[in-house]
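Q: One structure follows; several queries about it will come next.
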Amino acid sequence: MVKYIYKNKESEAKMHDFYDTALAALDVMYEEQIINTSYGSTHLLIVGDKLKPPLFTLHGGNGINPLNLKLFLPLLDNYCIYAPDVIGMPGKSTPYRNLSPSKDDYGWWISELLEALKFNSMKFVVSSYSSAMMLSLAKVDPGKITKAVLLAPSGIAHGSLLPIFTKMMIPMMTYMLRPSKERLVKIFDPMLTEKDVVWYQFFNLLLTCYKMEMRAPREFKRKELNGYSSPLLIICAADDIFFPPHKVFPKARTVLGGCDIKEMIIKGKHLPTAEIMCNVCKEIDQLFKEVHEHQ
């Protein structure tokens, strides 16, 4: 049975209110589109100047589009960002879990979106759970990716489960029994490089209004990605509890061995600071401006 992702309609409305407020706070020019796909209706933001080169981004698992866009705002100086709300995640797309991380649903869904937008291929900037979504596209339709940046990426290698369980899951269970601001901060401290009131507002909504996607993204094998050869920049955070660099980088060299891979380590935890992201966006821009012979 397909799962409705909110506790009730009131909860859905609260999440949409947060979405609108967070999007308005970005103070950027944007358009909205609705694209119908095989998996449901997709709400898409087109952010910035449409005359600039396009790039495609996806928010992470149980994440929300405006907060993902906030990470990559410096890229709007040179690009127009196409950003869909992932079906079955917080946002304004179909609020039912129609996409499975164990299959290639995410890849086919992204392919449908690009075809609807009339793009043969795109540059991608993805992070966390959405890296696995993009790798699914790299498996089923690799020609649609010209270059890609994977920030704190899933789909390659994961950190140990025990620290995640003890530092996040146990505090989360405690919070559900007796909510408090202190307990909320404790749950997400392993993720946030610096405390951010907007993120805590969102996390509170996740825990009180939304039924979280608990299925982890799968790790891809070399044979699944043999058809992918476009350049990659893989960025890991030094203290990322989910996707630590000492596990991600060696595995990426094997799984994505047919690619020109650049590696970058940044300070902090899973969610970087705005200051760190300014430097990251400069590296992204540099990658996208480089000319590669095979392209």
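Ligands are numbered from 1 in the order shown, chains are lettered A, B, ... in the order of the structure tokens, and residues start at 1 in each chain.
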As a PyMOL selection string, please: the residues near Asn8 of chain A (cut-off 9 Å, only C-alpha atoms, same-chain neighbours under 4 positions excluded).

A: chain A and resi 4+12-13+209-210

Q: Using C-alpha atoms, can you write the selected residues to a file as an mmCIF file, in the first residue's frame?

A:
```cif
data_model
loop_
_atom_site.group_PDB
_atom_site.id
_atom_site.type_symbol
_atom_site.label_atom_id
_atom_site.label_comp_id
_atom_site.auth_asym_id
_atom_site.auth_seq_id
_atom_site.Cartn_x
_atom_site.Cartn_y
_atom_site.Cartn_z
ATOM 1 C CA TYR A 4 0.673 9.050 2.722
ATOM 2 C CA GLU A 12 0.633 18.832 5.343
ATOM 3 C CA ALA A 13 -0.579 22.447 5.462
ATOM 4 C CA CYS A 209 3.900 16.324 11.147
ATOM 5 C CA TYR A 210 5.622 13.893 8.804
#
```

Q: Return as JSON lines the residues of segment 64-158 of chain A lying at most 10 Å from segment 211-216 of chain A, together with the closest atom-to-atom pair for each and the distance in Å to one decimal, counting only C-alpha atoms, with rows in chain order and ascending residue number.

A:
```
{"residue": "A:Gly88", "atom": "CA", "partner": "A:Glu213", "partner_atom": "CA", "distance": 8.3}
{"residue": "A:Met89", "atom": "CA", "partner": "A:Glu213", "partner_atom": "CA", "distance": 7.7}
{"residue": "A:Pro90", "atom": "CA", "partner": "A:Met212", "partner_atom": "CA", "distance": 9.2}
{"residue": "A:Arg97", "atom": "CA", "partner": "A:Glu213", "partner_atom": "CA", "distance": 8.5}
{"residue": "A:Ser100", "atom": "CA", "partner": "A:Arg215", "partner_atom": "CA", "distance": 8.6}
{"residue": "A:Pro101", "atom": "CA", "partner": "A:Arg215", "partner_atom": "CA", "distance": 7.2}
{"residue": "A:Ser102", "atom": "CA", "partner": "A:Arg215", "partner_atom": "CA", "distance": 8.6}
{"residue": "A:Tyr129", "atom": "CA", "partner": "A:Ala216", "partner_atom": "CA", "distance": 8.2}
{"residue": "A:Ala132", "atom": "CA", "partner": "A:Ala216", "partner_atom": "CA", "distance": 9.8}
{"residue": "A:Ser154", "atom": "CA", "partner": "A:Ala216", "partner_atom": "CA", "distance": 8.9}
{"residue": "A:Gly155", "atom": "CA", "partner": "A:Ala216", "partner_atom": "CA", "distance": 9.2}
{"residue": "A:His158", "atom": "CA", "partner": "A:Ala216", "partner_atom": "CA", "distance": 9.8}
```

Q: Now that the selection is made, can you save its residues with C-alpha atoms as a PDB file, in the first residue's frame?

A:
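Writing the result to part.pdb gives the following:
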```
ATOM      1  CA  GLY A  88       7.101  11.250  -1.325  1.00  0.00           C
ATOM      2  CA  MET A  89       9.244  13.783   0.560  1.00  0.00           C
ATOM      3  CA  PRO A  90       8.332  17.121   2.224  1.00  0.00           C
ATOM      4  CA  ARG A  97       5.728   7.123  -1.373  1.00  0.00           C
ATOM      5  CA  SER A 100      11.540   2.966  -4.111  1.00  0.00           C
ATOM      6  CA  PRO A 101      15.235   3.407  -3.226  1.00  0.00           C
ATOM      7  CA  SER A 102      15.857  -0.300  -3.829  1.00  0.00           C
ATOM      8  CA  TYR A 129      20.269  11.014  -0.203  1.00  0.00           C
ATOM      9  CA  ALA A 132      21.859   8.012  -4.770  1.00  0.00           C
ATOM     10  CA  SER A 154      24.914   8.573  -0.355  1.00  0.00           C
ATOM     11  CA  GLY A 155      24.870   5.655  -2.771  1.00  0.00           C
ATOM     12  CA  HIS A 158      27.903   4.591   4.477  1.00  0.00           C
TER      13      HIS A 158
END
```

Q: Skip His270 of chain A itself and residues of its chain fewer than 6 positions away, then list as a PyMOL selection string all residues within 12 Å of it, counting only C-alpha atoms.

A: chain A and resi 60+127-129+151-154+159+188-194+235-245+276

Q: If you run DSSP on the backbone here, which positions in segment 21-224 of chain A get strand (DSSP E)? Please write them as a PyMOL selection string.

A: chain A and resi 30-37+40-47+54-58+80-84+122-127+145-151

Q: What's the separation between atom CA of Arg253 of chain A and atom CA of Leu225 of chain A, in Å to one decimal place?

A: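 Result for atom CA of Arg253 of chain A versus atom CA of Leu225 of chain A: 12.0 Å, one decimal.
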
Q: Using only C-alpha atoms, pick whichever of A:Asn78, A:Thr174, A:Ser111, A:Ser180 has the shortest atom-to-atom distance to Lys282 of chain A.

A: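 Result for the nearest residue to Lys282 of chain A: A:Asn78.
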
Q: Between atom CA of Ser131 of chain A and atom CA of Leu58 of chain A, what distance in Å does the model show, to one decimal?

A: 8.4 Å

Q: Here is a test: counting only C-alpha atoms, which residue of A:Pro250, A:Ile81, A:Gly40, A:Ile35 is nearest to Lys52 of chain A?

A: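 Checking each candidate against Lys52 of chain A, we get A:Ile81 as the closest.
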
Q: Between atom CA of Leu71 of chain A and atom CA of Pro231 of chain A, measure the distance and give it in Å to one decimal.

A: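 That distance, rounded to one decimal, is 21.6 Å.
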
Q: Between A:Ile234, A:Met176, A:Leu205, A:Val198, which has the minimum distance to Leu150 of chain A (counting only C-alpha atoms)?

A: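 Going through A:Ile234, A:Met176, A:Leu205, A:Val198 one by one, the smallest distance to Leu150 of chain A is for A:Ile234.
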
Q: Show me, as a list in words, the residues that have an atom within 7 Å of Leu233 of chain A when counting only C-alpha atoms, minus same-chain residues fewer than 5 positions from it.

A: Ala148, Val149, Leu150, Ile261, Lys262 and Glu263 of chain A
